[in-house]
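structure.txt (compact mmCIF, C-alpha atoms)
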```txt
# COMPACT_ATOMS: atom_id res chain seq x y z
CA MET D 285 10.01 -25.57 -200.74
CA SER D 286 10.59 -28.63 -202.81
CA PRO D 287 7.69 -30.70 -204.14
CA LEU D 288 8.60 -33.50 -201.74
CA GLN D 289 8.38 -31.16 -198.75
CA ILE D 290 5.01 -29.85 -199.91
CA LEU D 291 3.66 -33.37 -200.37
CA SER D 292 4.89 -34.48 -196.95
CA LEU D 293 3.29 -31.43 -195.34
CA LEU D 294 0.00 -32.17 -197.12
CA LEU D 295 0.21 -35.77 -195.93
CA ALA D 296 0.74 -34.59 -192.36
CA LEU D 297 -2.22 -32.21 -192.59
CA SER D 298 -4.42 -34.93 -194.04
CA THR D 299 -3.45 -37.38 -191.32
CA ALA D 300 -4.03 -34.79 -188.60
CA LEU D 301 -7.45 -33.96 -190.03
CA ASN D 302 -8.45 -37.62 -190.15
CA ILE D 303 -7.30 -38.17 -186.56
CA ALA D 304 -9.11 -35.01 -185.43
CA ILE D 305 -12.40 -36.03 -187.03
CA THR D 306 -12.13 -39.50 -185.53
CA ALA D 307 -11.42 -38.10 -182.07
CA ALA D 308 -14.27 -35.60 -182.32
CA LEU D 309 -16.74 -38.25 -183.44
CA LEU D 310 -15.59 -40.60 -180.70
CA ALA D 311 -15.95 -37.87 -178.08
CA ARG D 312 -19.41 -36.99 -179.39
CA ARG D 313 -20.56 -40.61 -179.34
CA SER D 314 -19.29 -41.04 -175.78
CA GLY D 315 -21.58 -38.29 -174.54
CA ALA D 316 -19.62 -35.06 -174.83
CA GLY D 317 -21.35 -31.98 -176.17
CA ILE D 318 -20.61 -30.62 -179.61
CA PRO D 319 -18.28 -27.82 -178.36
CA GLN D 320 -16.29 -30.27 -176.24
CA ALA D 321 -16.05 -32.71 -179.15
CA ILE D 322 -14.76 -29.94 -181.44
CA LEU D 323 -12.17 -28.91 -178.85
CA THR D 324 -11.11 -32.53 -178.44
CA GLY D 325 -10.65 -32.91 -182.19
CA ALA D 326 -8.75 -29.62 -182.47
CA GLY D 327 -6.47 -30.57 -179.60
CA THR D 328 -5.79 -33.93 -181.17
CA ALA D 329 -4.96 -32.32 -184.52
CA ALA D 330 -2.64 -29.79 -182.87
CA THR D 331 -0.86 -32.54 -180.98
CA GLY D 332 -0.42 -34.64 -184.12
CA LEU D 333 0.98 -31.71 -186.10
CA GLY D 334 3.22 -30.75 -183.19
CA ILE D 335 4.70 -34.24 -183.08
CA TYR D 336 5.22 -34.18 -186.85
CA LEU D 337 6.92 -30.78 -186.82
CA ALA D 338 9.09 -31.79 -183.86
CA ALA D 339 10.20 -34.89 -185.75
CA VAL D 340 11.02 -32.80 -188.83
CA ALA D 341 12.99 -30.33 -186.70
CA ALA D 342 14.92 -33.15 -185.01
CA TYR D 343 15.70 -34.73 -188.37
CA LYS D 344 17.33 -31.58 -189.73
```

What does this structure look like when you write it as structure tokens?
Amino acid sequence: MSPLQILSLLLALSTALNIAITAALLARRSGAGIPQAILTGAGTAATGLGIYLAAVAAYK
């Protein structure tokens, strides 16, 4: 992998992690339990990474 590809993957992971933490905190503050908030954050991160990888696959 080239350095540019590695940096773009790290950027995608960082963005997904930030979105996941925000979603988990928002779910927790809205009354969901801790396990449900964690699952919400994990699902959000997986969706974000899936969209990123689909865009990369479509680009190539």

Original post:
Nearest to Ile322 (chain D): which of D:Ser298, D:Ala338, D:Leu309, D:Ile290 is it, counting all atoms listed in the file?
Top reply: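 Closest candidate: D:Leu309.
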
Subject >> Nearest residue to Ala339 (chain D) from the set D:Ala321, D:Ala296, D:Ala308, D:Ala316 (distances using all atoms listed in the file) >> reply: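 Among the listed residues, the smallest separation from Ala339 (chain D) belongs to D:Ala296.
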
Subject >> Interatomic distance (Å, one decimal) between CA of Ile303 (chain D) and CA of Thr328 (chain D) >> reply: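 It comes out at 7.0 Å.
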
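If you measure from each of D:Gln289, D:Leu295, D:Leu301, D:Ser314 to Gly327 (chain D) using all atoms listed in the file, the closest one turns out to be D:Leu301.
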
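Each of D:Ala341, D:Ala304, D:Ala311, D:Gly317 was compared to Ala329 (chain D) using all atoms listed in the file, and D:Ala304 turns out to be the nearest.
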
Step by step, gather every atom of region 294-311 of chain D that the file lists, find the box along x, y and z that holds them, add 5 Å on each side, and finally give centre and edge lengths in Å to one decimal, as AutoDock Vina command-line options.
```
--center_x -8.0 --center_y -36.4 --center_z -187.6 --size_x 27.5 --size_y 18.4 --size_z 29.0
```

Original post:
Quick one, how far is CA of Ala300 (chain D) from CA of Ile318 (chain D)?
Top reply: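 Computing it gives 19.3 Å between the two atoms.
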
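The nearest approach to Ala330 (chain D) among the residues D:Pro287, D:Leu310, D:Thr299, D:Leu294, with only C-alpha atoms taken into account, belongs to D:Thr299.
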
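Computed from the coordinates, the CA of Ser286 (chain D) to CA of Tyr343 (chain D) distance equals 16.5 Å.
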
Could you add the missing atoms to region 292-305 of chain D, up to N, CA and C atoms, and return them as a tab-separated table (two decimals), keeping the file's coordinate frame?
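Final file, out22.tsv:
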```
chain	number	residue	atom	x	y	z
D	292	SER	N	4.83	-33.94	-198.31
D	292	SER	CA	4.89	-34.48	-196.95
D	292	SER	C	4.10	-33.61	-195.98
D	293	LEU	N	4.10	-32.30	-196.18
D	293	LEU	CA	3.29	-31.43	-195.34
D	293	LEU	C	1.79	-31.67	-195.57
D	294	LEU	N	1.40	-31.86	-196.82
D	294	LEU	CA	0.00	-32.17	-197.12
D	294	LEU	C	-0.41	-33.51	-196.52
D	295	LEU	N	0.48	-34.47	-196.54
D	295	LEU	CA	0.21	-35.77	-195.93
D	295	LEU	C	0.03	-35.62	-194.43
D	296	ALA	N	0.87	-34.82	-193.80
D	296	ALA	CA	0.74	-34.59	-192.36
D	296	ALA	C	-0.57	-33.90	-192.03
D	297	LEU	N	-0.95	-32.91	-192.83
D	297	LEU	CA	-2.22	-32.21	-192.59
D	297	LEU	C	-3.41	-33.14	-192.78
D	298	SER	N	-3.35	-33.98	-193.79
D	298	SER	CA	-4.42	-34.93	-194.04
D	298	SER	C	-4.55	-35.92	-192.90
D	299	THR	N	-3.43	-36.43	-192.43
D	299	THR	CA	-3.45	-37.38	-191.32
D	299	THR	C	-3.99	-36.72	-190.06
D	300	ALA	N	-3.55	-35.49	-189.78
D	300	ALA	CA	-4.03	-34.79	-188.60
D	300	ALA	C	-5.52	-34.53	-188.68
D	301	LEU	N	-6.01	-34.20	-189.86
D	301	LEU	CA	-7.45	-33.96	-190.03
D	301	LEU	C	-8.24	-35.24	-189.82
D	302	ASN	N	-7.77	-36.34	-190.35
D	302	ASN	CA	-8.45	-37.62	-190.15
D	302	ASN	C	-8.47	-38.02	-188.68
D	303	ILE	N	-7.36	-37.84	-187.99
D	303	ILE	CA	-7.30	-38.17	-186.56
D	303	ILE	C	-8.23	-37.24	-185.77
D	304	ALA	N	-8.26	-35.96	-186.14
D	304	ALA	CA	-9.11	-35.01	-185.43
D	304	ALA	C	-10.59	-35.34	-185.60
D	305	ILE	N	-10.99	-35.68	-186.80
D	305	ILE	CA	-12.40	-36.03	-187.03
D	305	ILE	C	-12.76	-37.29	-186.27
```
